[in-house]
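J.: Before anything else, here's the structure in question.
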There are 2 protein chains.
Amino acid sequence: MATIKDIAKAAGVSVTTVSRALNGYNDVNEKTRAKIKSIAEELNYSPNAVARSLVKSKTETIGLLVSELSLSGAKDMFTYEIMCGINDSSSEKGYDLILFSTNSAKQKAKSYSQLCRERQVEGVIMQGIKIDDPYLKEVIDSNIPCVLIDVEIEGENVGFVSTDNVFGAQMAVKHLTNLGHRNIAIMNGHNQAVVSQKRLQGYKKQLEEASIAFQEEYVLNGEFLEEKAEKVAYSFLNEHPEVTAIFCASDLMALGVMNAAKRLGIAVPEELSIVGYDNITLAEYVQPQLSTVEQNKYQIGFKAAKLLIDMLEGNKANRKVILDNQLIIRNTTAEPK
Amino acid sequence: MATIKDIAKAAGVSVTTVSRALNGYNDVNEKTRAKIKSIAEELNYSPNAVARSLVKSKTETIGLLVSELSLSGAKDMFTYEIMCGINDSSSEKGYDLILFSTNSAKQKAKSYSQLCRERQVEGVIMQGIKIDDPYLKEVIDSNIPCVLIDVEIEGENVGFVSTDNVFGAQMAVKHLTNLGHRNIAIMNGHNQAVVSQKRLQGYKKQLEEASIAFQEEYVLNGEFLEEKAEKVAYSFLNEHPEVTAIFCASDLMALGVMNAAKRLGIAVPEELSIVGYDNITLAEYVQPQLSTVEQNKYQIGFKAAKLLIDMLEGNKANRKVILDNQLIIRNTTAEPK
DNA sequence: TTGTACGCGTTATCAA
DNA sequence: TTGATAACGCGTACAA
């Protein structure tokens with residue numbers, strides 16, 4: 001492991017000169033610079049980012065905090081695609097990514113700001129954080145720049161990237177009301193996700209616009225799980241034959257609902273229309289193909305990293321990024337009989 | 001940002017004492033330790049890992065080198081699931097993960113060992129590396145501990161984790177020969193992947209055991225891409241009606257072959273049997289459900305990190321980890337007519 | 001049981 | 001254009 005010291009000795013100059021030569025300062029003789037550079041190459045030198053970070057108080061590192069980097073999310077590619085976007089965006093700007101994995105046990109042991117300061121990350125991107133996550137409160141108090149995905153909190157050092165979930169849900173439900181459906185249920189996710197609340201809002205909003213009375217009992221909770229949604233839908237559809245359409249807050253839950261319908265002998269879309277949310281890969285592979293609301297997950301990640309880096313580098317940037325989403329009509333929706 | 005200096009001043013002791021007190025050395029008075037600890041808490045102190053790394057020459061960090069953390073891999077969850085395993089395993093042992101994203105442009109600018117030494121990672125896990133990747137040669141020469149996934153290279157500082165691809169492929173083909181198939185083609189991936197070579201071996205091996213002559217023209221190249229496989233299969237099946245089964249080196253390619261068959265009006269599995277490889281999520285959602293060879297991707301990642309950390313910590317460990325895989329029979333395979 | 005002094009590899013300040 | 005020297009925050013011989 002050659003250091004600038006070794007180079008200095010070999011070149012017969014001081015470490016100061018080596019440092020400046022290698023970092024492209026212009027107050028160094030081009031001849032000595034050339035000499036130093038060639039020696040550096042010869043010695044296979046590479047700068048020690050750790051030492052540099054220490055003295056510059058800059059690590060060029062972004063922390064990635066994913067609440068659950070786990071297999072539970074394996075069916076939808078949500079986290080992965082977002083990570084791809086984050087990765088591309090941050091590597092473009094020369095930032096490295098450090099993965100903070102957290103589980104509740106670790107959270108108890110180490111606070112958010114401890115985690116960040118320990119590794120000296122310059123900023124953090126958070127994904128998959130539930131609304132009651134203890135770290136969330138800390139984010140606001142701490143002065144560490146942070147970008148949240150799908151959690152709409154704004155502040156001096158806090159921004160967020162999200163899609164317009166109210167509008168997305170409304171679009172989905174509007175598609176159903178336009179087809180003539182009146183008895184529309186919603187299979188929502190758990191309440192610890194901000195998006196659940198937003199999508200419920202969009203659902204209600206469209207019902208109102210279509211002059212359909214909101215019914216509390218039409219709000220189901222599938223907890224974003226396929227199996228749970230199937231179970232819930234099974235008994236619900238049994239008791240509510242009048243319902244001709246279900247809007248689901250995730251594709252995974254829509255899959256569950258489709259299974260329930262199948263088991264009950266309810267034809268999709270002839271007797272029951274279903275709209276999902278996310279447009280996961282599976283959506284176009286299931287039979288019938290699932291109508292859904294598409295979110296550009298890669299873009300979410302990409303923009304999140306971009307926003308964070310803008311914040312870090314003092315560029316002015318809107319701390320609130322809302323991306324479009326779009327309705328994709330496939331074969332699980334039709335006019336009611 | 002409180003440092004041990006601040007604590008030392010507040011506690012009226014030297015930094016040495018603070019350091020030792022906080023790190024649990026037993027040559028410090030319990031009373032002073034208590035005092036120091038409480039002050040540390042008060043000041044919301046957290047140790048600076050950067051400074052610590054510099055002096056200890058240990059970063060407790062593992063580099064994760066994924067050749068393509070990109071959307072091309074989004075359909076199969078391969079990379080993601082492996083990452084989950086790596087993450088769980090390494091965080092269990094107290095190592096953090098730093099994401100090295102590489103593309104060919106960056107590779108030209110920075111060598112493998114430069115990348116590693118710059119960030120001072122203690123070891124590296126590589127996934128998705130092609131056999132002709134320039135970094136691969138460097139791994140062997142460099143003395144940085146490294147674990148490769150699916151590339152079988154062994155050495156003092158190099159280990160690998162893989163599944164038994166020869167056996168897996170043989171199992172798949174054996175399933176076909178057992179059903180009575182004799183004219184079996186293989187849709188292989190590109191040659192830059194080690195697994196392609198292994199799976200071809202397994203294919204040949206089983207043909208031999210079943211006394212079936214190997215035919216070069218039955219070896220197709222789908223480059224691990226769905227579209228490419230579909231295209232190749234389309235013209236191949238057209239010209240070779242005698243072929244009753246195709247073994248595919250990935251599920252994604254199997255999907256492509258299924259599409260080709262559909263377009264040609266060839267019934268699966270009645271007229272054509274198909275076996276895939278990987279058992280991606282989609283495999284059980286397509287119609288008919290895909291028979292395939294399952295790999296435990298999470299385990300691959302988990303064991304890879306475990307092996308690397310064992311190497312780092314000087315524990316003796318077999319540098320060669322081969323995991324089992326298993327045949328999953330679904331509905332794309334049947335006896336030939 | 002505690003403190004002094006030095007070093008890790010680098011950059012920054014100042015003087016030459 | 002160059003070089004001493006201090007500093008970043010921490011750990012650790014060694015001495016006290």
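Residue names in the structure tokens use chain letters A, B, ... in the order shown, residue numbers from 1 in each chain, and ligand numbers from 1 in the order shown.
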Sorted by chain and rising residue number, list the residues of stretch 108-144 of chain A at most 12 Å from stretch 194-215 of chain A (counting only C-alpha atoms), each with its closest atom pair and distance in Å to one decimal, as a Markdown table.
T.:
```
| residue | atom | partner | partner_atom | distance |
| --- | --- | --- | --- | --- |
| A:Gln127 | CA | A:Val194 | CA | 11.9 |
| A:Gly128 | CA | A:Val194 | CA | 10.1 |
| A:Ile129 | CA | A:Val194 | CA | 9.3 |
| A:Lys130 | CA | A:Val194 | CA | 7.6 |
| A:Ile131 | CA | A:Val194 | CA | 6.5 |
| A:Asp132 | CA | A:Val194 | CA | 10.1 |
| A:Asp133 | CA | A:Val194 | CA | 11.8 |
```
J.: Residues within 10 Å of C:DG9, please, as a PyMOL selection string. Count only C-alpha atoms (C1' of nucleotides); anything in the same chain fewer than 3 positions from it doesn't count.
T.: (chain A and resi 3-5+47-52+54-55) or (chain B and resi 54-55)
J.: Fit chain B to chain A, using all C-alpha atoms paired in sequence order for the least-squares superposition, and then show me the result as a tab-separated table (two decimals) with C-alpha atoms, in the first residue's frame.
T.:
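Result written to superposed.tsv:
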```tsv
chain	number	residue	atom	x	y	z
B	1	MET	CA	-0.07	0.04	0.04
B	2	ALA	CA	1.83	3.03	-1.21
B	3	THR	CA	1.05	6.38	0.38
B	4	ILE	CA	1.93	9.90	-0.63
B	5	LYS	CA	4.84	9.60	1.75
B	6	ASP	CA	6.35	6.83	-0.32
B	7	ILE	CA	5.86	8.84	-3.45
B	8	ALA	CA	7.38	11.89	-1.85
B	9	LYS	CA	10.44	9.95	-0.82
B	10	ALA	CA	10.84	8.36	-4.23
B	11	ALA	CA	10.41	11.66	-6.00
B	12	GLY	CA	12.58	13.60	-3.61
B	13	VAL	CA	9.89	16.13	-2.83
B	14	SER	CA	7.64	16.82	0.13
B	15	VAL	CA	4.27	15.23	0.70
B	16	THR	CA	2.66	18.57	0.18
B	17	THR	CA	3.90	18.74	-3.35
B	18	VAL	CA	2.73	15.23	-4.02
B	19	SER	CA	-0.70	15.99	-2.69
B	20	ARG	CA	-1.02	19.10	-4.79
B	21	ALA	CA	0.41	17.51	-7.88
B	22	LEU	CA	-2.00	14.62	-7.73
B	23	ASN	CA	-4.98	16.79	-7.01
B	24	GLY	CA	-4.42	18.98	-9.99
B	25	TYR	CA	-3.41	22.22	-8.30
B	26	ASN	CA	-1.80	24.61	-10.72
B	27	ASP	CA	0.88	25.91	-8.39
B	28	VAL	CA	3.15	23.01	-9.13
B	29	ASN	CA	5.76	22.72	-11.81
B	30	GLU	CA	4.53	20.58	-14.66
B	31	LYS	CA	7.78	18.73	-14.74
B	32	THR	CA	7.62	17.70	-11.11
B	33	ARG	CA	3.99	16.86	-11.56
B	34	ALA	CA	4.81	14.52	-14.40
B	35	LYS	CA	7.50	12.91	-12.36
B	36	ILE	CA	5.21	12.46	-9.39
B	37	LYS	CA	2.45	11.08	-11.52
B	38	SER	CA	4.67	8.51	-13.10
B	39	ILE	CA	6.01	7.41	-9.76
B	40	ALA	CA	2.50	7.18	-8.40
B	41	GLU	CA	1.55	4.92	-11.23
B	42	GLU	CA	4.67	2.86	-10.78
B	43	LEU	CA	3.88	2.36	-7.13
B	44	ASN	CA	0.30	1.54	-8.01
B	45	TYR	CA	-0.84	4.27	-5.70
B	46	SER	CA	-4.42	4.98	-4.91
B	47	PRO	CA	-5.50	7.62	-2.46
B	48	ASN	CA	-6.91	6.52	0.84
B	49	ALA	CA	-10.45	7.79	0.93
B	50	VAL	CA	-10.68	7.15	4.65
B	51	ALA	CA	-7.82	9.48	5.44
B	52	ARG	CA	-9.11	12.02	3.01
B	53	SER	CA	-12.56	11.90	4.51
B	54	LEU	CA	-11.17	12.48	7.96
B	55	VAL	CA	-9.34	15.63	7.07
B	56	LYS	CA	-11.95	17.02	4.73
B	57	SER	CA	-14.94	15.98	6.78
B	58	LYS	CA	-16.47	14.74	3.58
B	59	THR	CA	-17.06	11.12	2.77
B	60	GLU	CA	-18.88	11.41	-0.55
B	61	THR	CA	-21.08	8.70	0.76
B	62	ILE	CA	-24.82	8.37	0.90
B	63	GLY	CA	-26.56	6.07	3.31
B	64	LEU	CA	-29.33	3.91	1.99
B	65	LEU	CA	-31.82	2.99	4.62
B	66	VAL	CA	-34.25	0.34	3.49
B	67	SER	CA	-36.57	-0.73	6.22
B	68	GLU	CA	-36.82	-4.23	4.94
B	69	LEU	CA	-34.29	-5.43	2.47
B	70	SER	CA	-35.89	-8.77	2.66
B	71	LEU	CA	-37.51	-11.47	0.65
B	72	SER	CA	-40.97	-10.32	1.59
B	73	GLY	CA	-40.50	-7.69	-1.06
B	74	ALA	CA	-39.16	-10.17	-3.53
B	75	LYS	CA	-42.26	-10.60	-5.58
B	76	ASP	CA	-42.65	-7.04	-6.44
B	77	MET	CA	-39.48	-5.48	-7.67
B	78	PHE	CA	-40.21	-2.25	-5.95
B	79	THR	CA	-37.17	-1.90	-3.77
B	80	TYR	CA	-34.81	-3.30	-6.35
B	81	GLU	CA	-35.86	-0.97	-9.11
B	82	ILE	CA	-35.65	2.01	-6.84
B	83	MET	CA	-32.18	0.96	-5.81
B	84	CYS	CA	-31.15	0.76	-9.43
B	85	GLY	CA	-32.24	4.33	-9.93
B	86	ILE	CA	-30.50	5.53	-6.81
B	87	ASN	CA	-27.36	3.72	-7.76
B	88	ASP	CA	-27.19	5.12	-11.27
B	89	SER	CA	-27.94	8.62	-10.15
B	90	SER	CA	-25.49	8.73	-7.30
B	91	SER	CA	-22.65	7.03	-9.08
B	92	GLU	CA	-23.08	9.54	-11.84
B	93	LYS	CA	-22.29	12.25	-9.34
B	94	GLY	CA	-19.43	10.38	-7.74
B	95	TYR	CA	-21.13	9.34	-4.55
B	96	ASP	CA	-20.87	5.90	-3.11
B	97	LEU	CA	-23.70	4.10	-1.48
B	98	ILE	CA	-23.56	2.42	1.85
B	99	LEU	CA	-26.27	0.02	2.77
B	100	PHE	CA	-27.78	0.41	6.19
B	101	SER	CA	-29.75	-2.63	6.99
B	102	THR	CA	-32.02	-2.23	9.91
B	103	ASN	CA	-34.24	-4.39	11.89
B	104	SER	CA	-36.05	-3.44	15.04
B	105	ALA	CA	-33.43	-5.06	17.24
B	106	LYS	CA	-30.72	-2.90	15.76
B	107	GLN	CA	-32.85	0.18	15.88
B	108	LYS	CA	-33.16	-0.13	19.59
B	109	ALA	CA	-29.42	-0.30	19.94
B	110	LYS	CA	-28.55	2.56	17.67
B	111	SER	CA	-30.37	5.74	16.90
B	112	TYR	CA	-30.73	7.13	13.44
B	113	SER	CA	-28.29	9.96	13.92
B	114	GLN	CA	-25.81	7.65	15.58
B	115	LEU	CA	-25.97	5.35	12.60
B	116	CYS	CA	-25.36	8.22	10.25
B	117	ARG	CA	-22.67	10.01	12.15
B	118	GLU	CA	-20.80	6.85	12.85
B	119	ARG	CA	-20.37	6.20	9.17
B	120	GLN	CA	-20.20	9.90	8.45
B	121	VAL	CA	-22.60	9.70	5.59
B	122	GLU	CA	-23.40	13.04	4.08
B	123	GLY	CA	-27.02	12.27	3.52
B	124	VAL	CA	-29.56	9.51	3.62
B	125	ILE	CA	-32.22	8.09	1.38
B	126	MET	CA	-35.00	6.21	3.11
B	127	GLN	CA	-37.30	3.76	1.49
B	128	GLY	CA	-40.02	1.51	2.80
B	129	ILE	CA	-40.20	3.36	6.08
B	130	LYS	CA	-43.42	2.99	7.95
B	131	ILE	CA	-45.16	6.00	9.32
B	132	ASP	CA	-44.61	4.91	12.91
B	133	ASP	CA	-40.94	4.14	12.48
B	134	PRO	CA	-38.98	5.76	15.32
B	135	TYR	CA	-36.28	6.83	12.91
B	136	LEU	CA	-38.73	9.03	11.07
B	137	LYS	CA	-39.04	11.52	13.90
B	138	GLU	CA	-35.31	11.66	14.27
B	139	VAL	CA	-34.89	12.59	10.65
B	140	ILE	CA	-36.67	15.83	11.18
B	141	ASP	CA	-34.81	16.78	14.33
B	142	SER	CA	-31.41	15.80	13.05
B	143	ASN	CA	-29.67	18.08	10.65
B	144	ILE	CA	-28.56	15.29	8.36
B	145	PRO	CA	-29.90	15.83	4.87
B	146	CYS	CA	-32.44	13.19	4.03
B	147	VAL	CA	-34.70	12.29	1.17
B	148	LEU	CA	-37.72	10.15	1.90
B	149	ILE	CA	-39.43	8.00	-0.63
B	150	ASP	CA	-43.20	7.98	-0.44
B	151	VAL	CA	-43.34	9.80	2.88
B	152	GLU	CA	-44.32	13.37	2.42
B	153	ILE	CA	-42.28	15.33	4.89
B	154	GLU	CA	-40.57	18.54	4.01
B	155	GLY	CA	-38.04	20.65	5.82
B	156	GLU	CA	-34.80	22.49	5.63
B	157	ASN	CA	-32.84	19.26	5.40
B	158	VAL	CA	-35.61	16.93	4.42
B	159	GLY	CA	-37.17	16.34	1.07
B	160	PHE	CA	-39.19	13.61	-0.53
B	161	VAL	CA	-39.94	11.92	-3.78
B	162	SER	CA	-43.25	10.32	-4.39
B	163	THR	CA	-45.79	9.75	-7.06
B	164	ASP	CA	-49.19	11.37	-6.90
B	165	ASN	CA	-50.97	8.65	-5.04
B	166	VAL	CA	-54.22	10.49	-4.61
B	167	PHE	CA	-54.41	11.13	-8.31
B	168	GLY	CA	-53.27	7.62	-9.19
B	169	ALA	CA	-55.96	6.05	-7.09
B	170	GLN	CA	-58.56	8.43	-8.39
B	171	MET	CA	-57.58	7.57	-11.93
B	172	ALA	CA	-58.00	3.90	-11.21
B	173	VAL	CA	-61.40	4.34	-9.61
B	174	LYS	CA	-62.48	6.74	-12.32
B	175	HIS	CA	-61.72	4.06	-14.86
B	176	LEU	CA	-64.17	1.86	-12.95
B	177	THR	CA	-66.88	4.48	-12.60
B	178	ASN	CA	-66.54	5.33	-16.26
B	179	LEU	CA	-67.21	1.71	-17.07
B	180	GLY	CA	-70.42	2.02	-15.10
B	181	HIS	CA	-69.48	0.44	-11.78
B	182	ARG	CA	-71.22	1.79	-8.72
B	183	ASN	CA	-70.41	-0.68	-5.99
B	184	ILE	CA	-66.67	-0.42	-5.77
B	185	ALA	CA	-64.63	-1.68	-2.86
B	186	ILE	CA	-61.02	-0.83	-2.02
B	187	MET	CA	-58.45	-3.34	-0.87
B	188	ASN	CA	-56.10	-1.05	0.96
B	189	GLY	CA	-52.69	-1.63	2.53
B	190	HIS	CA	-51.85	-1.20	6.17
B	191	ASN	CA	-52.18	2.19	7.74
B	192	GLN	CA	-48.51	2.54	8.57
B	193	ALA	CA	-47.83	3.42	4.97
B	194	VAL	CA	-48.48	6.93	3.81
B	195	VAL	CA	-49.51	5.68	0.41
B	196	SER	CA	-52.42	3.78	1.93
B	197	GLN	CA	-53.90	6.97	3.25
B	198	LYS	CA	-53.35	8.76	-0.02
B	199	ARG	CA	-54.88	6.04	-2.10
B	200	LEU	CA	-57.89	5.89	0.14
B	201	GLN	CA	-58.26	9.63	-0.35
B	202	GLY	CA	-58.16	9.22	-4.11
B	203	TYR	CA	-60.76	6.50	-3.90
B	204	LYS	CA	-63.09	8.66	-1.84
B	205	LYS	CA	-62.54	11.64	-4.06
B	206	GLN	CA	-63.59	9.81	-7.16
B	207	LEU	CA	-66.61	8.27	-5.49
B	208	GLU	CA	-67.69	11.77	-4.62
B	209	GLU	CA	-67.16	13.04	-8.14
B	210	ALA	CA	-69.25	10.17	-9.40
B	211	SER	CA	-71.88	10.86	-6.76
B	212	ILE	CA	-71.44	7.50	-5.13
B	213	ALA	CA	-71.89	7.30	-1.38
B	214	PHE	CA	-68.80	6.19	0.50
B	215	GLN	CA	-69.30	3.08	2.59
B	216	GLU	CA	-66.95	2.27	5.39
B	217	GLU	CA	-67.54	-1.46	5.00
B	218	TYR	CA	-66.20	-1.31	1.47
B	219	VAL	CA	-62.77	-0.46	2.80
B	220	LEU	CA	-60.78	-3.66	3.22
B	221	ASN	CA	-57.32	-4.13	4.67
B	222	GLY	CA	-55.03	-6.53	2.87
B	223	GLU	CA	-51.90	-5.25	4.56
B	224	PHE	CA	-50.09	-5.26	1.21
B	225	LEU	CA	-49.94	-9.04	1.40
B	226	GLU	CA	-51.18	-11.37	-1.28
B	227	GLU	CA	-52.43	-14.04	1.10
B	228	LYS	CA	-54.10	-11.62	3.44
B	229	ALA	CA	-55.86	-9.91	0.57
B	230	GLU	CA	-57.07	-13.22	-0.75
B	231	LYS	CA	-58.45	-14.18	2.61
B	232	VAL	CA	-60.16	-10.87	3.20
B	233	ALA	CA	-61.54	-10.73	-0.33
B	234	TYR	CA	-62.87	-14.24	-0.10
B	235	SER	CA	-65.19	-13.57	2.78
B	236	PHE	CA	-66.02	-10.08	1.62
B	237	LEU	CA	-67.08	-11.13	-1.86
B	238	ASN	CA	-69.11	-13.90	-0.37
B	239	GLU	CA	-71.09	-11.44	1.70
B	240	HIS	CA	-71.27	-8.69	-0.88
B	241	PRO	CA	-72.42	-10.04	-4.22
B	242	GLU	CA	-73.50	-6.53	-5.16
B	243	VAL	CA	-69.88	-5.42	-5.45
B	244	THR	CA	-68.76	-5.44	-9.07
B	245	ALA	CA	-65.32	-3.92	-8.77
B	246	ILE	CA	-62.37	-3.74	-6.39
B	247	PHE	CA	-59.58	-1.24	-6.51
B	248	CYS	CA	-56.44	-2.64	-4.90
B	249	ALA	CA	-53.67	-0.50	-3.43
B	250	SER	CA	-51.05	-2.92	-4.75
B	251	ASP	CA	-50.75	-5.45	-7.55
B	252	LEU	CA	-49.77	-8.11	-5.09
B	253	MET	CA	-53.07	-7.70	-3.28
B	254	ALA	CA	-54.86	-7.63	-6.63
B	255	LEU	CA	-53.36	-11.04	-7.29
B	256	GLY	CA	-54.80	-12.21	-4.01
B	257	VAL	CA	-58.21	-10.86	-4.92
B	258	MET	CA	-58.01	-12.62	-8.27
B	259	ASN	CA	-57.33	-15.86	-6.48
B	260	ALA	CA	-60.27	-15.33	-4.18
B	261	ALA	CA	-62.54	-14.65	-7.12
B	262	LYS	CA	-61.34	-17.80	-8.82
B	263	ARG	CA	-62.04	-19.88	-5.76
B	264	LEU	CA	-65.53	-18.40	-5.53
B	265	GLY	CA	-66.22	-19.01	-9.17
B	266	ILE	CA	-66.52	-15.32	-9.87
B	267	ALA	CA	-65.43	-14.47	-13.41
B	268	VAL	CA	-62.92	-11.65	-13.90
B	269	PRO	CA	-63.60	-9.24	-15.49
B	270	GLU	CA	-67.15	-10.30	-16.44
B	271	GLU	CA	-68.50	-10.41	-12.92
B	272	LEU	CA	-65.77	-8.58	-11.07
B	273	SER	CA	-63.43	-5.85	-12.27
B	274	ILE	CA	-60.07	-5.45	-10.56
B	275	VAL	CA	-57.52	-2.65	-10.75
B	276	GLY	CA	-54.13	-2.93	-9.11
B	277	TYR	CA	-51.38	-0.50	-8.28
B	278	ASP	CA	-47.64	-0.60	-9.09
B	279	ASN	CA	-47.51	-2.47	-12.39
B	280	ILE	CA	-45.18	-5.17	-11.20
B	281	THR	CA	-43.80	-7.60	-13.71
B	282	LEU	CA	-46.33	-10.22	-12.84
B	283	ALA	CA	-49.17	-7.92	-13.81
B	284	GLU	CA	-48.87	-8.72	-17.47
B	285	TYR	CA	-48.24	-12.39	-16.95
B	286	VAL	CA	-51.25	-13.36	-14.89
B	287	GLN	CA	-54.45	-14.39	-16.62
B	288	PRO	CA	-56.30	-12.24	-17.25
B	289	GLN	CA	-53.67	-9.53	-17.45
B	290	LEU	CA	-54.04	-7.01	-14.69
B	291	SER	CA	-55.17	-3.43	-15.21
B	292	THR	CA	-53.12	-1.25	-12.93
B	293	VAL	CA	-51.51	2.06	-12.12
B	294	GLU	CA	-47.92	2.26	-13.19
B	295	GLN	CA	-45.25	3.95	-11.13
B	296	ASN	CA	-41.84	4.57	-12.55
B	297	LYS	CA	-39.84	3.08	-9.72
B	298	TYR	CA	-36.49	3.60	-11.35
B	299	GLN	CA	-37.25	7.29	-11.75
B	300	ILE	CA	-38.30	7.55	-8.13
B	301	GLY	CA	-34.91	6.28	-7.07
B	302	PHE	CA	-33.04	8.32	-9.60
B	303	LYS	CA	-34.74	11.57	-8.62
B	304	ALA	CA	-34.36	10.82	-4.93
B	305	ALA	CA	-30.60	10.58	-5.24
B	306	LYS	CA	-30.52	13.62	-7.45
B	307	LEU	CA	-32.49	15.67	-4.98
B	308	LEU	CA	-30.30	14.58	-2.10
B	309	ILE	CA	-27.11	15.44	-3.91
B	310	ASP	CA	-28.51	18.80	-4.92
B	311	MET	CA	-29.23	19.43	-1.28
B	312	LEU	CA	-25.75	18.33	-0.28
B	313	GLU	CA	-24.07	20.52	-2.81
B	314	GLY	CA	-26.14	23.54	-2.01
B	315	ASN	CA	-27.93	23.67	-5.31
B	316	LYS	CA	-31.37	25.03	-4.98
B	317	ALA	CA	-33.85	22.30	-5.61
B	318	ASN	CA	-37.45	21.73	-4.84
B	319	ARG	CA	-37.57	19.52	-1.79
B	320	LYS	CA	-40.80	18.07	-3.00
B	321	VAL	CA	-40.77	15.88	-6.07
B	322	ILE	CA	-43.99	14.34	-7.26
B	323	LEU	CA	-43.78	12.08	-10.25
B	324	ASP	CA	-46.56	11.17	-12.60
B	325	ASN	CA	-48.08	7.79	-12.78
B	326	GLN	CA	-50.29	6.34	-15.41
B	327	LEU	CA	-53.19	4.01	-15.78
B	328	ILE	CA	-52.55	0.85	-17.73
B	329	ILE	CA	-55.70	-0.81	-18.90
B	330	ARG	CA	-55.41	-4.52	-19.45
B	331	ASN	CA	-57.98	-7.28	-19.10
B	332	THR	CA	-59.24	-7.33	-15.54
B	333	THR	CA	-61.64	-4.48	-16.05
B	334	ALA	CA	-64.88	-4.41	-18.01
B	335	GLU	CA	-68.37	-3.02	-17.82
B	336	PRO	CA	-70.54	-4.56	-15.12
B	337	LYS	CA	-73.15	-6.96	-16.32
```
J.: What's around D:DC14 at 12 Å? Count only C-alpha atoms (C1' of nucleotides), leave out sequence neighbours fewer than 6 positions away in its own chain, and write the answer as a PyMOL selection string.
T.: chain C and resi 3-6
J.: Write the residues of the selection above to a file with N, CA, C and O atoms (P, O5', C5', C4', C3', O3' and C1' of nucleotides), as a compact mmCIF listing (two decimals), in the first residue's frame.
T.:
```
# COMPACT_ATOMS: atom_id res chain seq x y z
P DG C 3 -6.44 11.26 33.48
O5' DG C 3 -4.97 11.44 32.89
C5' DG C 3 -3.92 11.84 33.75
C4' DG C 3 -2.62 11.92 32.98
C3' DG C 3 -2.70 12.74 31.68
O3' DG C 3 -1.54 13.56 31.59
C1' DG C 3 -1.90 10.55 31.21
P DT C 4 -1.45 14.68 30.46
O5' DT C 4 -0.07 14.35 29.75
C5' DT C 4 0.91 13.54 30.39
C4' DT C 4 2.02 13.19 29.40
C3' DT C 4 2.09 14.07 28.15
O3' DT C 4 3.46 14.21 27.79
C1' DT C 4 1.69 11.83 27.50
P DA C 5 3.92 15.11 26.56
O5' DA C 5 4.02 14.01 25.42
C5' DA C 5 4.72 12.80 25.68
C4' DA C 5 4.79 11.97 24.41
C3' DA C 5 4.86 12.82 23.13
O3' DA C 5 5.75 12.19 22.23
C1' DA C 5 2.97 11.43 23.03
P DC C 6 6.12 12.90 20.82
O5' DC C 6 5.63 11.78 19.80
C5' DC C 6 5.96 10.42 20.04
C4' DC C 6 5.05 9.53 19.21
C3' DC C 6 4.96 9.96 17.74
O3' DC C 6 5.27 8.84 16.94
C1' DC C 6 2.82 9.56 18.65
```
J.: Please identify all residues of chain C having at least one atom at most 12 Å from any atom of chain A, considering only C-alpha atoms (C1' of nucleotides), and return them as an MDAnalysis selection string.
T.: chainID C and resid 8:13
J.: What's the separation between atom C1' of D:DT1 and atom C1' of C:DG7, in Å to one decimal place?
T.: 29.3 Å
J.: Let's see if you can do this: from backbone DSSP, list all strand (DSSP E) residues in stretch 124-189 of chain B, as a list in words.
T.: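 Those residues are Val124, Ile125, Met126, Gln127, Cys146, Val147, Leu148, Ile149, Val158, Gly159, Phe160, Val161, Ser162, Thr163, Ile184, Ala185, Ile186, Met187 and Asn188 of chain B.
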J.: Which chain D residues are at most 8 Å from chain B (counting only C-alpha atoms (C1' of nucleotides)), as a PyMOL selection string?
T.: chain D and resi 8-11
J.: Could you save those same residues with N, CA and C atoms (P, O5', C5', C4', C3', O3' and C1' of nucleotides) as a tab-separated table (two decimals), in the first residue's frame?
T.:
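Output file again-v8.tsv follows:
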```tsv
chain	number	residue	atom	x	y	z
D	8	DC	P	-8.48	19.68	14.76
D	8	DC	O5'	-9.52	18.82	13.94
D	8	DC	C5'	-9.76	18.94	12.54
D	8	DC	C4'	-10.05	17.59	11.95
D	8	DC	C3'	-10.44	16.52	12.97
D	8	DC	O3'	-11.85	16.46	13.05
D	8	DC	C1'	-8.88	15.70	11.31
D	9	DG	P	-12.59	16.48	14.44
D	9	DG	O5'	-12.44	14.97	14.94
D	9	DG	C5'	-13.14	13.95	14.25
D	9	DG	C4'	-12.67	12.61	14.76
D	9	DG	C3'	-12.79	12.43	16.27
D	9	DG	O3'	-13.53	11.26	16.51
D	9	DG	C1'	-10.61	11.87	15.54
D	10	DC	P	-13.74	10.65	17.91
D	10	DC	O5'	-12.60	9.56	17.93
D	10	DC	C5'	-12.70	8.45	17.05
D	10	DC	C4'	-11.40	7.71	17.01
D	10	DC	C3'	-11.05	6.97	18.31
D	10	DC	O3'	-11.36	5.60	18.12
D	10	DC	C1'	-9.15	8.04	17.31
D	11	DG	P	-11.25	4.57	19.31
D	11	DG	O5'	-9.73	4.10	19.22
D	11	DG	C5'	-9.35	3.30	18.12
D	11	DG	C4'	-7.88	2.92	18.23
D	11	DG	C3'	-7.52	2.11	19.47
D	11	DG	O3'	-6.59	1.12	19.05
D	11	DG	C1'	-6.21	4.07	19.41
```
